[in-house]
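A.B. asks: Quick one, work_19.cif (mmCIF, C-alpha atoms):
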```cif
data_query
#
loop_
_atom_site.group_PDB
_atom_site.id
_atom_site.type_symbol
_atom_site.label_atom_id
_atom_site.label_comp_id
_atom_site.auth_asym_id
_atom_site.auth_seq_id
_atom_site.Cartn_x
_atom_site.Cartn_y
_atom_site.Cartn_z
ATOM 1 C CA MET S 1 -2.400 -27.699 -42.627
ATOM 2 C CA LYS S 2 -2.493 -29.880 -45.768
ATOM 3 C CA GLN S 3 -2.350 -26.935 -48.194
ATOM 4 C CA GLU S 4 0.821 -25.685 -46.523
ATOM 5 C CA LYS S 5 2.433 -29.123 -46.865
ATOM 6 C CA GLU S 6 1.585 -29.195 -50.570
ATOM 7 C CA LEU S 7 2.891 -25.667 -51.041
ATOM 8 C CA LEU S 8 6.062 -26.411 -49.070
ATOM 9 C CA ALA S 9 6.705 -29.516 -51.185
ATOM 10 C CA PHE S 10 6.152 -27.506 -54.373
ATOM 11 C CA LEU S 11 8.386 -24.627 -53.258
ATOM 12 C CA SER S 12 11.073 -27.082 -52.137
ATOM 13 C CA GLY S 13 11.095 -28.537 -55.626
ATOM 14 C CA GLU S 14 11.377 -25.073 -57.141
ATOM 15 C CA TYR S 15 13.852 -23.406 -54.754
ATOM 16 C CA GLY S 16 15.210 -25.983 -52.318
ATOM 17 C CA SER S 17 13.985 -26.645 -48.788
ATOM 18 C CA LYS S 18 15.764 -23.747 -47.051
ATOM 19 C CA GLN S 19 14.380 -21.083 -49.393
ATOM 20 C CA ALA S 20 10.987 -22.822 -49.407
ATOM 21 C CA ASP S 21 10.791 -22.594 -45.597
ATOM 22 C CA GLU S 22 11.667 -18.893 -45.678
ATOM 23 C CA ILE S 23 9.158 -18.152 -48.444
ATOM 24 C CA LEU S 24 6.381 -20.053 -46.662
ATOM 25 C CA LYS S 25 7.003 -18.294 -43.315
ATOM 26 C CA LYS S 26 6.933 -14.885 -44.981
ATOM 27 C CA THR S 27 3.862 -15.864 -46.988
ATOM 28 C CA ASP S 28 2.036 -16.818 -43.778
ATOM 29 C CA LEU S 29 2.849 -13.420 -42.239
ATOM 30 C CA LYS S 30 1.768 -11.631 -45.415
ATOM 31 C CA LEU S 31 -1.487 -13.613 -45.464
ATOM 32 C CA LYS S 32 -2.301 -12.498 -41.911
ATOM 33 C CA ASP S 33 -1.674 -8.895 -42.945
ATOM 34 C CA LEU S 34 -3.872 -9.210 -46.037
ATOM 35 C CA LEU S 35 -6.686 -10.785 -44.007
ATOM 36 C CA GLU S 36 -6.523 -7.985 -41.436
ATOM 37 C CA ARG S 37 -6.940 -5.437 -44.219
ATOM 38 C CA ALA S 38 -10.021 -7.258 -45.575
ATOM 39 C CA LYS S 39 -12.247 -6.175 -42.681
ATOM 40 C CA ASP S 40 -14.932 -4.701 -44.960
ATOM 41 C CA LYS S 41 -15.892 -8.164 -46.280
ATOM 42 C CA SER S 42 -18.647 -10.482 -45.091
ATOM 43 C CA ALA S 43 -17.808 -13.555 -42.999
ATOM 44 C CA SER S 44 -18.325 -15.855 -45.996
ATOM 45 C CA GLN S 45 -16.121 -13.653 -48.188
ATOM 46 C CA ILE S 46 -13.404 -13.715 -45.512
ATOM 47 C CA ARG S 47 -13.543 -17.535 -45.542
ATOM 48 C CA VAL S 48 -13.146 -17.652 -49.332
ATOM 49 C CA LEU S 49 -10.411 -15.028 -49.238
ATOM 50 C CA GLY S 50 -8.537 -16.875 -46.492
ATOM 51 C CA ASP S 51 -8.899 -20.325 -48.021
ATOM 52 C CA THR S 52 -8.350 -19.746 -51.731
ATOM 53 C CA ILE S 53 -7.537 -16.216 -52.836
ATOM 54 C CA LEU S 54 -5.300 -14.370 -50.406
ATOM 55 C CA PRO S 55 -2.851 -17.265 -49.857
ATOM 56 C CA ARG S 56 -1.997 -17.082 -53.580
ATOM 57 C CA ILE S 57 -1.776 -13.280 -53.518
ATOM 58 C CA ALA S 58 0.451 -13.430 -50.418
ATOM 59 C CA LEU S 59 2.719 -15.972 -52.099
ATOM 60 C CA TYR S 60 2.916 -13.827 -55.221
ATOM 61 C CA GLN S 61 3.759 -10.698 -53.220
ATOM 62 C CA ILE S 62 6.508 -12.485 -51.266
ATOM 63 C CA LEU S 63 7.977 -14.015 -54.426
ATOM 64 C CA LEU S 64 7.791 -10.604 -56.080
ATOM 65 C CA THR S 65 10.235 -9.181 -53.522
ATOM 66 C CA ARG S 66 12.634 -12.094 -53.991
ATOM 67 C CA LYS S 67 12.353 -13.240 -57.599
ATOM 68 C CA GLY S 68 10.905 -10.442 -59.723
ATOM 69 C CA GLU S 69 7.541 -10.099 -61.438
ATOM 70 C CA ALA S 70 7.859 -12.669 -64.221
ATOM 71 C CA GLU S 71 9.204 -15.453 -61.998
ATOM 72 C CA ALA S 72 6.758 -14.678 -59.190
ATOM 73 C CA PHE S 73 3.825 -14.880 -61.606
ATOM 74 C CA GLU S 74 5.048 -18.079 -63.268
ATOM 75 C CA THR S 75 5.728 -19.775 -59.929
ATOM 76 C CA VAL S 76 2.233 -19.036 -58.618
ATOM 77 C CA ARG S 77 0.782 -20.039 -61.995
ATOM 78 C CA LYS S 78 2.667 -23.335 -62.001
ATOM 79 C CA TYR S 79 1.578 -24.112 -58.439
ATOM 80 C CA MET S 80 -2.051 -23.285 -59.173
ATOM 81 C CA LEU S 81 -2.246 -25.235 -62.433
ATOM 82 C CA GLU S 82 -0.034 -28.234 -61.685
ATOM 83 C CA VAL S 83 -0.892 -28.761 -58.010
ATOM 84 C CA VAL S 84 -4.154 -27.089 -56.956
ATOM 85 C CA SER S 85 -6.129 -27.314 -60.210
ATOM 86 C CA ALA S 86 -4.860 -30.770 -61.104
ATOM 87 C CA LYS S 87 -6.011 -32.034 -57.694
ATOM 88 C CA MET S 88 -9.469 -30.480 -58.161
ATOM 89 C CA GLN S 89 -9.749 -31.902 -61.669
ATOM 90 C CA LYS S 90 -8.949 -35.356 -60.311
ATOM 91 C CA ARG S 91 -11.752 -34.986 -57.746
ATOM 92 C CA TYR S 92 -14.278 -33.948 -60.389
ATOM 93 C CA LYS S 93 -13.254 -36.828 -62.647
ATOM 94 C CA ALA S 94 -13.826 -39.236 -59.752
ATOM 95 C CA LEU S 95 -17.258 -37.690 -59.137
ATOM 96 C CA GLU S 96 -18.173 -38.205 -62.790
ATOM 97 C CA LYS S 97 -18.574 -41.897 -61.974
ATOM 98 C CA ILE S 98 -21.685 -41.088 -59.942
ATOM 99 C CA PRO S 99 -24.887 -41.944 -61.849
ATOM 100 C CA GLY S 100 -26.643 -38.727 -62.800
ATOM 101 C CA PHE S 101 -23.426 -36.741 -62.333
ATOM 102 C CA PHE S 102 -24.468 -33.916 -64.636
ATOM 103 C CA TRP S 103 -27.715 -33.322 -62.733
ATOM 104 C CA VAL S 104 -25.818 -33.304 -59.410
ATOM 105 C CA PHE S 105 -23.122 -31.026 -60.860
ATOM 106 C CA ARG S 106 -25.660 -28.587 -62.305
ATOM 107 C CA GLN S 107 -27.793 -28.450 -59.158
ATOM 108 C CA GLY S 108 -24.735 -28.009 -56.948
ATOM 109 C CA MET S 109 -23.392 -25.221 -59.133
ATOM 110 C CA ALA S 110 -26.748 -23.399 -59.126
ATOM 111 C CA GLN S 111 -26.993 -23.621 -55.322
ATOM 112 C CA VAL S 112 -23.470 -22.281 -54.819
ATOM 113 C CA LEU S 113 -24.154 -19.386 -57.175
ATOM 114 C CA LYS S 114 -27.418 -18.490 -55.447
ATOM 115 C CA ARG S 115 -26.025 -18.640 -51.904
ATOM 116 C CA SER S 116 -22.565 -17.161 -52.278
ATOM 117 C CA ASP S 117 -21.785 -13.466 -52.039
ATOM 118 C CA ALA S 118 -18.419 -14.055 -53.724
ATOM 119 C CA TRP S 119 -19.985 -13.127 -57.062
ATOM 120 C CA GLN S 120 -22.742 -11.123 -58.667
ATOM 121 C CA THR S 121 -24.217 -13.678 -60.979
ATOM 122 C CA ALA S 122 -26.985 -13.925 -63.547
ATOM 123 C CA ILE S 123 -28.036 -17.486 -64.338
ATOM 124 C CA ILE S 124 -28.892 -17.503 -68.035
ATOM 125 C CA GLN S 125 -29.784 -21.190 -68.430
ATOM 126 C CA ASN S 126 -30.339 -23.984 -65.950
ATOM 127 C CA ASP S 127 -32.002 -27.015 -67.470
ATOM 128 C CA ARG S 128 -31.262 -30.649 -68.270
ATOM 129 C CA ASN S 129 -28.998 -29.597 -71.153
ATOM 130 C CA GLY S 130 -26.765 -27.219 -69.261
ATOM 131 C CA ILE S 131 -26.099 -24.364 -66.923
ATOM 132 C CA VAL S 132 -24.894 -21.018 -68.222
ATOM 133 C CA TYR S 133 -24.185 -18.031 -66.025
ATOM 134 C CA HIS S 134 -22.499 -14.649 -66.205
ATOM 135 C CA ILE S 135 -20.448 -13.221 -63.366
ATOM 136 C CA SER S 136 -20.369 -9.422 -63.411
ATOM 137 C CA ARG S 137 -18.524 -9.034 -60.116
ATOM 138 C CA CYS S 138 -15.988 -11.487 -58.745
ATOM 139 C CA LEU S 139 -14.271 -11.660 -55.359
ATOM 140 C CA TRP S 140 -11.149 -13.157 -56.970
ATOM 141 C CA PHE S 141 -10.804 -10.295 -59.431
ATOM 142 C CA ASP S 142 -11.653 -7.663 -56.811
ATOM 143 C CA ALA S 143 -9.116 -9.087 -54.337
ATOM 144 C CA CYS S 144 -6.368 -9.140 -56.950
ATOM 145 C CA LYS S 145 -7.131 -5.510 -57.894
ATOM 146 C CA GLU S 146 -7.342 -4.387 -54.263
ATOM 147 C CA ASN S 147 -3.949 -5.936 -53.577
ATOM 148 C CA GLY S 148 -2.191 -4.405 -56.562
ATOM 149 C CA CYS S 149 -1.988 -7.467 -58.795
ATOM 150 C CA PRO S 150 -5.064 -7.555 -61.085
ATOM 151 C CA HIS S 151 -3.112 -9.581 -63.661
ATOM 152 C CA LEU S 152 -2.736 -12.432 -61.132
ATOM 153 C CA CYS S 153 -6.455 -13.139 -61.515
ATOM 154 C CA ARG S 154 -5.627 -14.708 -64.894
ATOM 155 C CA VAL S 155 -4.171 -17.633 -62.954
ATOM 156 C CA PHE S 156 -7.494 -18.239 -61.191
ATOM 157 C CA CYS S 157 -9.294 -18.100 -64.542
ATOM 158 C CA GLU S 158 -6.814 -20.535 -66.086
ATOM 159 C CA SER S 159 -7.451 -22.847 -63.158
ATOM 160 C CA ASP S 160 -11.101 -23.110 -64.206
ATOM 161 C CA ASN S 161 -9.937 -24.340 -67.607
ATOM 162 C CA ILE S 162 -7.882 -27.113 -65.966
ATOM 163 C CA ILE S 163 -10.500 -28.078 -63.374
ATOM 164 C CA TYR S 164 -13.457 -28.287 -65.762
ATOM 165 C CA GLY S 165 -11.751 -28.752 -69.119
ATOM 166 C CA GLY S 166 -10.919 -32.413 -68.654
ATOM 167 C CA LEU S 167 -14.395 -33.623 -67.768
ATOM 168 C CA ARG S 168 -16.009 -36.208 -70.050
ATOM 169 C CA LYS S 169 -19.663 -35.698 -69.104
ATOM 170 C CA VAL S 170 -19.553 -31.901 -69.123
ATOM 171 C CA GLN S 171 -18.453 -29.538 -71.876
ATOM 172 C CA PHE S 172 -17.004 -26.357 -70.349
ATOM 173 C CA ALA S 173 -16.707 -23.165 -72.405
ATOM 174 C CA ARG S 174 -15.993 -19.540 -71.660
ATOM 175 C CA ASN S 175 -15.574 -16.667 -74.103
ATOM 176 C CA GLY S 176 -14.161 -14.033 -71.788
ATOM 177 C CA THR S 177 -13.407 -12.874 -68.277
ATOM 178 C CA LEU S 178 -13.402 -9.674 -66.252
ATOM 179 C CA VAL S 179 -9.605 -9.767 -66.122
ATOM 180 C CA GLN S 180 -9.599 -9.682 -69.945
ATOM 181 C CA GLY S 181 -11.674 -6.494 -69.816
ATOM 182 C CA LYS S 182 -14.949 -8.214 -70.722
ATOM 183 C CA PRO S 183 -18.180 -7.069 -69.010
ATOM 184 C CA CYS S 184 -18.521 -10.506 -67.382
ATOM 185 C CA CYS S 185 -17.046 -13.943 -66.983
ATOM 186 C CA ASP S 186 -19.344 -16.166 -68.988
ATOM 187 C CA PHE S 187 -19.471 -19.796 -67.898
ATOM 188 C CA SER S 188 -21.150 -22.520 -69.913
ATOM 189 C CA PHE S 189 -21.441 -26.130 -68.822
ATOM 190 C CA GLU S 190 -23.294 -28.341 -71.297
ATOM 191 C CA LYS S 191 -24.130 -31.972 -70.880
ATOM 192 C CA ASN S 192 -22.058 -34.096 -73.228
ATOM 193 C CA LYS S 193 -24.245 -36.410 -75.241
#
```
Output the structure of this file as structure tokens.
C.D. replies:
Amino acid sequence: MKQEKELLAFLSGEYGSKQADEILKKTDLKLKDLLERAKDKSASQIRVLGDTILPRIALYQILLTRKGEAEAFETVRKYMLEVVSAKMQKRYKALEKIPGFFWVFRQGMAQVLKRSDAWQTAIIQNDRNGIVYHISRCLWFDACKENGCPHLCRVFCESDNIIYGGLRKVQFARNGTLVQGKPCCDFSFEKNK
């Protein structure tokens, strides 16, 4: 699995290859356990949990037993921002070269929001100037809370800033998140003039 190779390379750089192998093996076992406990979720939520959320929570929980809270958090944060988010940002920047990128981006975002049960979302604006939506319930935040690490959700929120913050054709803004105690995560994507 490509994600595991990237994670193994990252962990090897942080802790050496022997420790990285041990951490990854234990993380895989922890992930299986976390997925088994997520039986009350829909099939699509299980996919999102298994692909993007629970692997990071599992890694954090394994690092927590070996490295302590501060180092565990910073290691997961560094991996998410410097590896995962940077890769996604690079993809979006490449897509910006498509003529009509903002229209495609906005339409794609609206479709994902309408179809996914990973969030409870209210779309506030969706027109040629931008898309604005508020998320009042979030699978990422819920999963972090359910697994005893609500503060870890900050890393996922920071990832949004990296992924969308470097775009030239889209201006991304957010005033608050659920993890900050706000009533919603407010997302705003405006077309840059």
A.B. asks: So that I can see what lies close to Leu113 (chain S), please list as a short mmCIF file (atom, residue, chain, number, x, y, z; two decimals) with C-alpha atoms, in the coordinates of the input the residues with an atom at most 10 Å from it, counting only C-alpha atoms and leaving out residues fewer than 5 positions away in the same chain.
C.D. replies:
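selection_17.cif, written as the output of this step:
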```cif
data_model
loop_
_atom_site.label_atom_id
_atom_site.label_comp_id
_atom_site.auth_asym_id
_atom_site.auth_seq_id
_atom_site.Cartn_x
_atom_site.Cartn_y
_atom_site.Cartn_z
CA GLN S 107 -27.79 -28.45 -59.16
CA GLY S 108 -24.74 -28.01 -56.95
CA ALA S 118 -18.42 -14.06 -53.72
CA TRP S 119 -19.98 -13.13 -57.06
CA GLN S 120 -22.74 -11.12 -58.67
CA THR S 121 -24.22 -13.68 -60.98
CA ALA S 122 -26.98 -13.92 -63.55
CA ILE S 123 -28.04 -17.49 -64.34
CA TYR S 133 -24.18 -18.03 -66.03
CA ILE S 135 -20.45 -13.22 -63.37
#
```
A.B. asks: Given the PyMOL selection byres ((chain S and resi 47-58) around 6) and the file above, list the residues it selects as a list in words.
C.D. replies: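 Expected selection for the PyMOL selection byres ((chain S and resi 47-58) around 6) here is Thr27, Lys30, Leu31, Ser44, Gln45, Ile46, Leu59, Tyr60 and Gln61 of chain S.
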A.B. asks: Counting only C-alpha atoms, figure out which residue out of S:Ser12, S:Val84, S:Gly130, S:Arg137 gets nearest to Asp160 (chain S).
C.D. replies: S:Val84
A.B. asks: For Leu81 (chain S), work out the shell of residues within 12 Å, counting all atoms listed in the file and skipping chain neighbours fewer than 3 positions away, then give it as a ChimeraX atom specification.
C.D. replies: /S:10,74-78,84-89,154-163
A.B. asks: Would you be able to write out as a count of residues only which residues have an atom within 12 Å of (4.7, -27.7, -48.4) in the file's coordinates, counting only C-alpha atoms?
C.D. replies: 28
